[in-house]
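Beneath this line is the structure, given in structure tokens, with notes to follow.
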Amino acid sequence: MIILYKTLDRALSVKRPHDAPATHKFSQWLAGNLPDGICAEFDQCGNMHVDTRASTANRTLFVAHVDTVHRKSGKNRIKKTRTHWHADGDVLGADDGAGCAMLMHLIHSGIAAYFIFTVGEEKGGIGATWLAKNNPDLLRQFDRAIAFDRRGIDSVITHQGWGRCCSDQFGQSLCDALGSFDQNLMHLNDDTGVYTDTAEFVDLIPECTNISIGYSNEHTVNESLNILYFEMLAGAAANVNWDSLPVARDPLKPDFDDWQRYRSYSGSYYPTNYVDDDLTDYLSAALLDAQYGHTRDLVEIVAEYAFPDDPHLMMRHLNPRKLDYRIVDDLLADLASESISADDAMLLLADEMYDCL
């Protein structure tokens with residue numbers, strides 16, 4: 001596991017905003033530390049591609065993003081304990097430096113798959129969006145897309161943002177596969193995912209997921225990485241037979257969960273015959289969920305309100321990671337005191353989360 005910790009040390013010691021020289025340098029470092037005989041290629045957007053497939057039977061894509069949420073480049077000082085790594089006074093950057101380390105570990109472990117280190121995930125999935133638009137034929141070669149960019153120690157994400165991203169069958173099989181290697185790994189299907197790059201591939205790849213990589217309190221100075229879990233996951237991930245995992249979801253067929261907030265396929269996310277009090281109650285409930293990181297309902301109703309002609313399209317431009325959760329608290333209080341209308345709150349939330357990508 002030498003490359004695992006070598007990459008992790010490198011990733012967490014440098015702050016890497018999107019499109020900064022430090023971020024480009026890190027991508028070049030990754031390319032220069034691949035196993036002998038394996039080369040990296042960069043696309044026009046800056047995503048780094050590594051292909052270790054042995055045959056067309058290898059239909060697994062792994063994804064991690066090279067940028068961090070830091071506003072400025074520079075050195076990042078890391079404090080290490082036996083169980084957790086922390087940054088000294090800044091964001092750690094395990095989102096998604098830990099994911100980059102995991103992909104390098106899998107490459108060096110001889111996993112036959114395709115690997116993409118994307119750019120601009122923290123700016124709304126710039127690299128992944130570019131791939132889905134400009135290279136869909138590449139993405140259609142895969143049955144599953146795996147990201148390591150989820151907080152916690154037990155999630156296999158089945159839903160991201162606006163709907164289902166992988167089948168329950170696939171998710172459960174992956175949970176079982178990880179747990180079969182190490183009984184201390186107890187993953188569960190999790191339908192509370194928000195967004196990572198694999199969300200951009202759901203119309204092209206049947207099974208898209210995001211696995212807990214061990215960080216917590218991401219995007220804050222309190223971020224930490226559970227290093228014990230991280231190492232256990234690395235051992236398990238290198239032993240999973242990824243291409244044997246089932247494929248049950250059809251990306252071309254609408255899933256009920258994608259439309260579960262609709263009263264019918266032609267309905268809307270909240271009742272079309274609402275009165276102001278109904279909308280206030282519905283929005284308040286969604287804001288309460290958002291306080292605990294469950295933002296899917298909030299994104300859905302804001303998209304429906306802001307762009308009723310095509311809410312599904314609007315959802316692709318709403319990035320809940322841009323939402324300052326102090327605003328969530330303030331809006332809840334303002335709605336309760338009736339100092340703001342639900343309509344005005346909707347527009348404010350749309351402005352806060354909007355990302356032109």
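Within each chain, counting starts at residue 1; across the structure tokens, chains are named A, B, ... in the order shown, with ligands numbered 1 upward in that order.
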
Residues within 7 Å of stretch 206-208 of chain A, only C-alpha atoms, excluding chain neighbours under 4 positions, as number ranges by chain: A: 143-146, 165-167, 198, 202, 247, 249-251

Save the residues we just selected, C-alpha atoms, as a compact mmCIF listing (two decimals), in the first residue's frame?
```txt
# COMPACT_ATOMS: atom_id res chain seq x y z
CA ASP A 143 -21.57 -1.02 -16.94
CA ARG A 144 -20.63 0.69 -13.69
CA ALA A 145 -19.03 3.97 -12.62
CA ILE A 146 -17.54 4.08 -9.13
CA CYS A 165 -28.06 6.45 -9.90
CA CYS A 166 -27.71 2.71 -9.29
CA SER A 167 -30.00 -0.23 -8.60
CA THR A 198 -20.81 9.96 -11.46
CA VAL A 202 -26.48 8.21 -15.16
CA VAL A 247 -26.23 -4.74 -13.75
CA ARG A 249 -30.61 -0.52 -13.94
CA ASP A 250 -31.47 0.60 -17.47
CA PRO A 251 -30.16 4.16 -18.02
```

Pull the alpha helix (DSSP H) assignments for stretch 57-146 of chain A out of DSSP run on the backbone, and list those residues as a tab-separated table (two decimals) with all heavy atoms, in the first residue's frame.
```
chain	number	residue	atom	x	y	z
A	94	ALA	N	-9.45	15.92	1.87
A	94	ALA	CA	-9.68	14.49	1.61
A	94	ALA	C	-10.80	14.30	0.61
A	94	ALA	O	-10.92	13.25	-0.02
A	94	ALA	CB	-10.01	13.77	2.92
A	95	ASP	N	-11.63	15.31	0.46
A	95	ASP	CA	-12.62	15.43	-0.61
A	95	ASP	C	-11.95	16.19	-1.75
A	95	ASP	O	-11.91	17.42	-1.73
A	95	ASP	CB	-13.84	16.17	-0.08
A	95	ASP	CG	-14.88	16.52	-1.13
A	95	ASP	OD1	-14.73	16.08	-2.29
A	95	ASP	OD2	-15.82	17.26	-0.80
A	96	ASP	N	-11.31	15.56	-2.73
A	96	ASP	CA	-11.32	14.14	-2.93
A	96	ASP	C	-9.89	13.60	-3.08
A	96	ASP	O	-9.63	12.71	-3.88
A	96	ASP	CB	-12.16	13.81	-4.16
A	96	ASP	CG	-12.47	12.33	-4.31
A	96	ASP	OD1	-12.54	11.61	-3.29
A	96	ASP	OD2	-12.66	11.88	-5.44
A	97	GLY	N	-8.98	14.17	-2.27
A	97	GLY	CA	-7.62	13.65	-2.29
A	97	GLY	C	-7.57	12.20	-1.90
A	97	GLY	O	-6.77	11.41	-2.43
A	98	ALA	N	-8.45	11.80	-0.96
A	98	ALA	CA	-8.50	10.39	-0.56
A	98	ALA	C	-8.97	9.52	-1.72
A	98	ALA	O	-8.49	8.39	-1.90
A	98	ALA	CB	-9.42	10.23	0.64
A	99	GLY	N	-9.92	10.03	-2.52
A	99	GLY	CA	-10.37	9.28	-3.68
A	99	GLY	C	-9.28	9.12	-4.72
A	99	GLY	O	-9.14	8.06	-5.33
A	100	CYS	N	-8.48	10.17	-4.94
A	100	CYS	CA	-7.36	10.07	-5.87
A	100	CYS	C	-6.36	9.01	-5.41
A	100	CYS	O	-5.84	8.22	-6.21
A	100	CYS	CB	-6.67	11.43	-6.00
A	100	CYS	SG	-7.64	12.69	-6.83
A	101	ALA	N	-6.09	8.98	-4.10
A	101	ALA	CA	-5.18	7.98	-3.56
A	101	ALA	C	-5.73	6.58	-3.75
A	101	ALA	O	-5.00	5.62	-4.07
A	101	ALA	CB	-4.93	8.26	-2.07
A	102	MET	N	-7.05	6.42	-3.58
A	102	MET	CA	-7.67	5.11	-3.76
A	102	MET	C	-7.55	4.63	-5.20
A	102	MET	O	-7.24	3.46	-5.45
A	102	MET	CB	-9.14	5.16	-3.35
A	102	MET	CG	-9.81	3.80	-3.26
A	102	MET	SD	-9.12	2.71	-1.99
A	102	MET	CE	-9.58	3.61	-0.49
A	103	LEU	N	-7.76	5.53	-6.16
A	103	LEU	CA	-7.63	5.13	-7.56
A	103	LEU	C	-6.19	4.74	-7.90
A	103	LEU	O	-5.96	3.75	-8.61
A	103	LEU	CB	-8.10	6.27	-8.49
A	103	LEU	CG	-9.55	6.15	-9.00
A	103	LEU	CD1	-10.55	6.15	-7.84
A	103	LEU	CD2	-9.87	7.25	-9.98
A	104	MET	N	-5.23	5.49	-7.39
A	104	MET	CA	-3.83	5.12	-7.64
A	104	MET	C	-3.52	3.75	-7.03
A	104	MET	O	-2.80	2.93	-7.62
A	104	MET	CB	-2.91	6.19	-7.07
A	104	MET	CG	-2.90	7.49	-7.86
A	104	MET	SD	-2.12	7.34	-9.50
A	104	MET	CE	-0.37	7.38	-9.03
A	105	HIS	N	-4.06	3.48	-5.86
A	105	HIS	CA	-3.89	2.18	-5.22
A	105	HIS	C	-4.46	1.06	-6.08
A	105	HIS	O	-3.83	-0.01	-6.24
A	105	HIS	CB	-4.57	2.22	-3.84
A	105	HIS	CG	-4.73	0.89	-3.19
A	105	HIS	ND1	-3.67	0.13	-2.75
A	105	HIS	CD2	-5.86	0.18	-2.89
A	105	HIS	CE1	-4.13	-1.00	-2.21
A	105	HIS	NE2	-5.45	-0.98	-2.28
A	106	LEU	N	-5.64	1.27	-6.65
A	106	LEU	CA	-6.26	0.24	-7.48
A	106	LEU	C	-5.48	0.02	-8.77
A	106	LEU	O	-5.34	-1.12	-9.24
A	106	LEU	CB	-7.71	0.63	-7.79
A	106	LEU	CG	-8.66	0.66	-6.59
A	106	LEU	CD1	-10.05	1.11	-7.04
A	106	LEU	CD2	-8.73	-0.69	-5.90
A	107	ILE	N	-4.97	1.10	-9.34
A	107	ILE	CA	-4.15	0.97	-10.55
A	107	ILE	C	-2.90	0.14	-10.25
A	107	ILE	O	-2.56	-0.80	-10.98
A	107	ILE	CB	-3.77	2.35	-11.09
A	107	ILE	CG1	-5.01	3.08	-11.62
A	107	ILE	CG2	-2.72	2.22	-12.20
A	107	ILE	CD1	-4.78	4.54	-11.95
A	108	HIS	N	-2.22	0.46	-9.15
A	108	HIS	CA	-0.99	-0.27	-8.78
A	108	HIS	C	-1.30	-1.69	-8.31
A	108	HIS	O	-0.40	-2.54	-8.33
A	108	HIS	CB	-0.24	0.50	-7.71
A	108	HIS	CG	0.58	1.63	-8.23
A	108	HIS	ND1	1.95	1.53	-8.42
A	108	HIS	CD2	0.23	2.88	-8.61
A	108	HIS	CE1	2.41	2.68	-8.89
A	108	HIS	NE2	1.39	3.53	-9.01
A	126	ILE	N	-17.35	20.15	-13.68
A	126	ILE	CA	-16.95	20.65	-15.00
A	126	ILE	C	-16.40	19.53	-15.88
A	126	ILE	O	-16.82	19.35	-17.03
A	126	ILE	CB	-15.91	21.77	-14.84
A	126	ILE	CG1	-16.55	23.01	-14.21
A	126	ILE	CG2	-15.27	22.12	-16.20
A	126	ILE	CD1	-15.56	24.11	-13.86
A	127	GLY	N	-15.46	18.76	-15.35
A	127	GLY	CA	-14.84	17.71	-16.15
A	127	GLY	C	-15.80	16.59	-16.50
A	127	GLY	O	-15.82	16.10	-17.64
A	128	ALA	N	-16.61	16.17	-15.55
A	128	ALA	CA	-17.56	15.08	-15.79
A	128	ALA	C	-18.64	15.52	-16.77
A	128	ALA	O	-19.05	14.74	-17.64
A	128	ALA	CB	-18.18	14.64	-14.47
A	129	THR	N	-19.11	16.75	-16.64
A	129	THR	CA	-20.12	17.27	-17.57
A	129	THR	C	-19.56	17.32	-18.99
A	129	THR	O	-20.24	16.97	-19.96
A	129	THR	CB	-20.57	18.68	-17.13
A	129	THR	OG1	-21.09	18.62	-15.81
A	129	THR	CG2	-21.63	19.22	-18.06
A	130	TRP	N	-18.30	17.72	-19.11
A	130	TRP	CA	-17.65	17.77	-20.42
A	130	TRP	C	-17.58	16.37	-21.03
A	130	TRP	O	-17.86	16.19	-22.22
A	130	TRP	CB	-16.26	18.36	-20.28
A	130	TRP	CG	-15.56	18.58	-21.59
A	130	TRP	CD1	-15.55	19.71	-22.35
A	130	TRP	CD2	-14.75	17.62	-22.30
A	130	TRP	NE1	-14.80	19.52	-23.49
A	130	TRP	CE2	-14.30	18.25	-23.49
A	130	TRP	CE3	-14.37	16.31	-22.06
A	130	TRP	CZ2	-13.50	17.60	-24.41
A	130	TRP	CZ3	-13.57	15.64	-22.98
A	130	TRP	CH2	-13.14	16.29	-24.14
A	131	LEU	N	-17.24	15.39	-20.21
A	131	LEU	CA	-17.15	14.01	-20.70
A	131	LEU	C	-18.50	13.51	-21.21
A	131	LEU	O	-18.58	12.91	-22.29
A	131	LEU	CB	-16.66	13.10	-19.58
A	131	LEU	CG	-15.16	13.13	-19.27
A	131	LEU	CD1	-14.89	12.48	-17.93
A	131	LEU	CD2	-14.38	12.42	-20.38
A	132	ALA	N	-19.55	13.75	-20.44
A	132	ALA	CA	-20.87	13.27	-20.83
A	132	ALA	C	-21.33	13.91	-22.13
A	132	ALA	O	-22.00	13.27	-22.95
A	132	ALA	CB	-21.87	13.54	-19.71
A	133	LYS	N	-20.95	15.15	-22.34
A	133	LYS	CA	-21.36	15.88	-23.54
A	133	LYS	C	-20.49	15.55	-24.74
A	133	LYS	O	-20.99	15.40	-25.87
A	133	LYS	CB	-21.33	17.38	-23.28
A	133	LYS	CG	-21.74	18.23	-24.47
A	133	LYS	CD	-21.71	19.72	-24.13
A	133	LYS	CE	-22.10	20.57	-25.33
A	133	LYS	NZ	-22.07	22.02	-25.01
A	134	ASN	N	-19.18	15.44	-24.52
A	134	ASN	CA	-18.24	15.34	-25.64
A	134	ASN	C	-17.70	13.94	-25.91
A	134	ASN	O	-17.15	13.70	-26.98
A	134	ASN	CB	-17.06	16.29	-25.39
A	134	ASN	CG	-17.46	17.74	-25.43
A	134	ASN	OD1	-17.60	18.33	-26.49
A	134	ASN	ND2	-17.66	18.32	-24.25
A	136	PRO	N	-19.57	10.68	-25.03
A	136	PRO	CA	-20.53	9.70	-24.53
A	136	PRO	C	-20.22	8.28	-24.96
A	136	PRO	O	-20.55	7.32	-24.25
A	136	PRO	CB	-21.87	10.19	-25.08
A	136	PRO	CG	-21.51	10.98	-26.31
A	136	PRO	CD	-20.20	11.64	-25.96
A	137	ASP	N	-19.61	8.11	-26.14
A	137	ASP	CA	-19.30	6.77	-26.62
A	137	ASP	C	-18.30	6.07	-25.70
A	137	ASP	O	-18.37	4.85	-25.50
A	137	ASP	CB	-18.75	6.82	-28.04
A	137	ASP	CG	-19.80	7.19	-29.07
A	137	ASP	OD1	-21.01	7.06	-28.75
A	137	ASP	OD2	-19.44	7.63	-30.18
A	138	LEU	N	-17.37	6.82	-25.13
A	138	LEU	CA	-16.45	6.24	-24.15
A	138	LEU	C	-17.23	5.76	-22.94
A	138	LEU	O	-17.05	4.62	-22.47
A	138	LEU	CB	-15.40	7.26	-23.73
A	138	LEU	CG	-14.54	6.87	-22.52
A	138	LEU	CD1	-13.66	5.67	-22.84
A	138	LEU	CD2	-13.69	8.05	-22.05
A	139	LEU	N	-18.10	6.60	-22.41
A	139	LEU	CA	-18.82	6.26	-21.19
A	139	LEU	C	-19.75	5.08	-21.39
A	139	LEU	O	-19.96	4.28	-20.47
A	139	LEU	CB	-19.59	7.48	-20.69
A	139	LEU	CG	-18.73	8.69	-20.31
A	139	LEU	CD1	-19.60	9.87	-19.92
A	139	LEU	CD2	-17.76	8.35	-19.18
```

Spatial neighbours of stretch 25-28 of chain A, 8 Å, only C-alpha atoms, chain gap at least 6 places, as a ChimeraX atom specification: /A:11,48,66,117

Can you spit out the residues from that selection as a CSV table (one decimal), in the first residue's frame, using all heavy atoms?
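As written to disk, result.csv reads:
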```csv
chain,number,residue,atom,x,y,z
A,11,ALA,N,-1.5,14.5,-1.9
A,11,ALA,CA,-2.8,15.1,-2.1
A,11,ALA,C,-3.2,16.1,-1.0
A,11,ALA,O,-3.6,17.2,-1.2
A,11,ALA,CB,-3.9,14.1,-2.3
A,48,MET,N,-7.7,13.5,-16.6
A,48,MET,CA,-6.7,12.5,-16.9
A,48,MET,C,-7.2,11.1,-17.0
A,48,MET,O,-8.0,10.7,-16.1
A,48,MET,CB,-5.6,12.6,-15.7
A,48,MET,CG,-4.5,11.6,-15.9
A,48,MET,SD,-3.3,11.8,-14.5
A,48,MET,CE,-3.2,10.2,-13.9
A,66,VAL,N,-9.5,15.9,-8.9
A,66,VAL,CA,-8.2,16.4,-8.5
A,66,VAL,C,-8.3,17.7,-7.8
A,66,VAL,O,-7.4,18.1,-7.1
A,66,VAL,CB,-7.2,16.5,-9.7
A,66,VAL,CG1,-6.9,15.1,-10.2
A,66,VAL,CG2,-7.7,17.4,-10.7
A,117,PHE,N,-9.4,10.8,-13.6
A,117,PHE,CA,-9.2,11.8,-12.6
A,117,PHE,C,-9.7,13.2,-13.2
A,117,PHE,O,-9.1,13.8,-14.0
A,117,PHE,CB,-7.7,12.0,-12.3
A,117,PHE,CG,-7.1,10.7,-11.7
A,117,PHE,CD1,-6.7,9.7,-12.5
A,117,PHE,CD2,-6.9,10.6,-10.3
A,117,PHE,CE1,-6.1,8.5,-12.0
A,117,PHE,CE2,-6.4,9.4,-9.7
A,117,PHE,CZ,-6.0,8.4,-10.6
```

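Residues in contact with A:Ser109 at 12 Å, where only C-alpha atoms are counted and same-chain residues fewer than 2 positions away are skipped, are listed as Met1, Ile2, Ile3, Leu4, Leu34, Pro35, Thr52, Met102, Leu103, Met104, His105, Leu106, Ile107, Ile111, Ala112, Ala113, Ala234, Gly235, Ala236, Ala237, Ala238, Asn239 and Val240 of chain A.
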
Proximity check stretch 140-242 of chain A to stretch 285-299 of chain A, 12 Å, nearest pairs one decimal Å, only C-alpha atoms, as JSON lines:
```
{"residue": "A:Arg150", "atom": "CA", "partner": "A:Gly293", "partner_atom": "CA", "distance": 11.9}
{"residue": "A:Arg151", "atom": "CA", "partner": "A:Gly293", "partner_atom": "CA", "distance": 10.7}
{"residue": "A:His159", "atom": "CA", "partner": "A:Arg296", "partner_atom": "CA", "distance": 9.0}
{"residue": "A:Gln160", "atom": "CA", "partner": "A:Arg296", "partner_atom": "CA", "distance": 7.6}
{"residue": "A:Gly161", "atom": "CA", "partner": "A:Arg296", "partner_atom": "CA", "distance": 5.1}
{"residue": "A:Trp162", "atom": "CA", "partner": "A:Arg296", "partner_atom": "CA", "distance": 6.2}
{"residue": "A:Gly163", "atom": "CA", "partner": "A:Arg296", "partner_atom": "CA", "distance": 8.2}
{"residue": "A:Arg164", "atom": "CA", "partner": "A:Arg296", "partner_atom": "CA", "distance": 11.0}
{"residue": "A:Asp190", "atom": "CA", "partner": "A:His294", "partner_atom": "CA", "distance": 11.1}
{"residue": "A:Asp191", "atom": "CA", "partner": "A:His294", "partner_atom": "CA", "distance": 9.3}
{"residue": "A:Thr192", "atom": "CA", "partner": "A:His294", "partner_atom": "CA", "distance": 5.8}
{"residue": "A:Gly193", "atom": "CA", "partner": "A:His294", "partner_atom": "CA", "distance": 7.6}
{"residue": "A:Val194", "atom": "CA", "partner": "A:Thr295", "partner_atom": "CA", "distance": 6.6}
{"residue": "A:Tyr195", "atom": "CA", "partner": "A:Arg296", "partner_atom": "CA", "distance": 9.6}
{"residue": "A:Ser216", "atom": "CA", "partner": "A:Gly293", "partner_atom": "CA", "distance": 12.0}
{"residue": "A:Asn217", "atom": "CA", "partner": "A:Gly293", "partner_atom": "CA", "distance": 10.9}
{"residue": "A:Glu218", "atom": "CA", "partner": "A:Gly293", "partner_atom": "CA", "distance": 11.5}
```
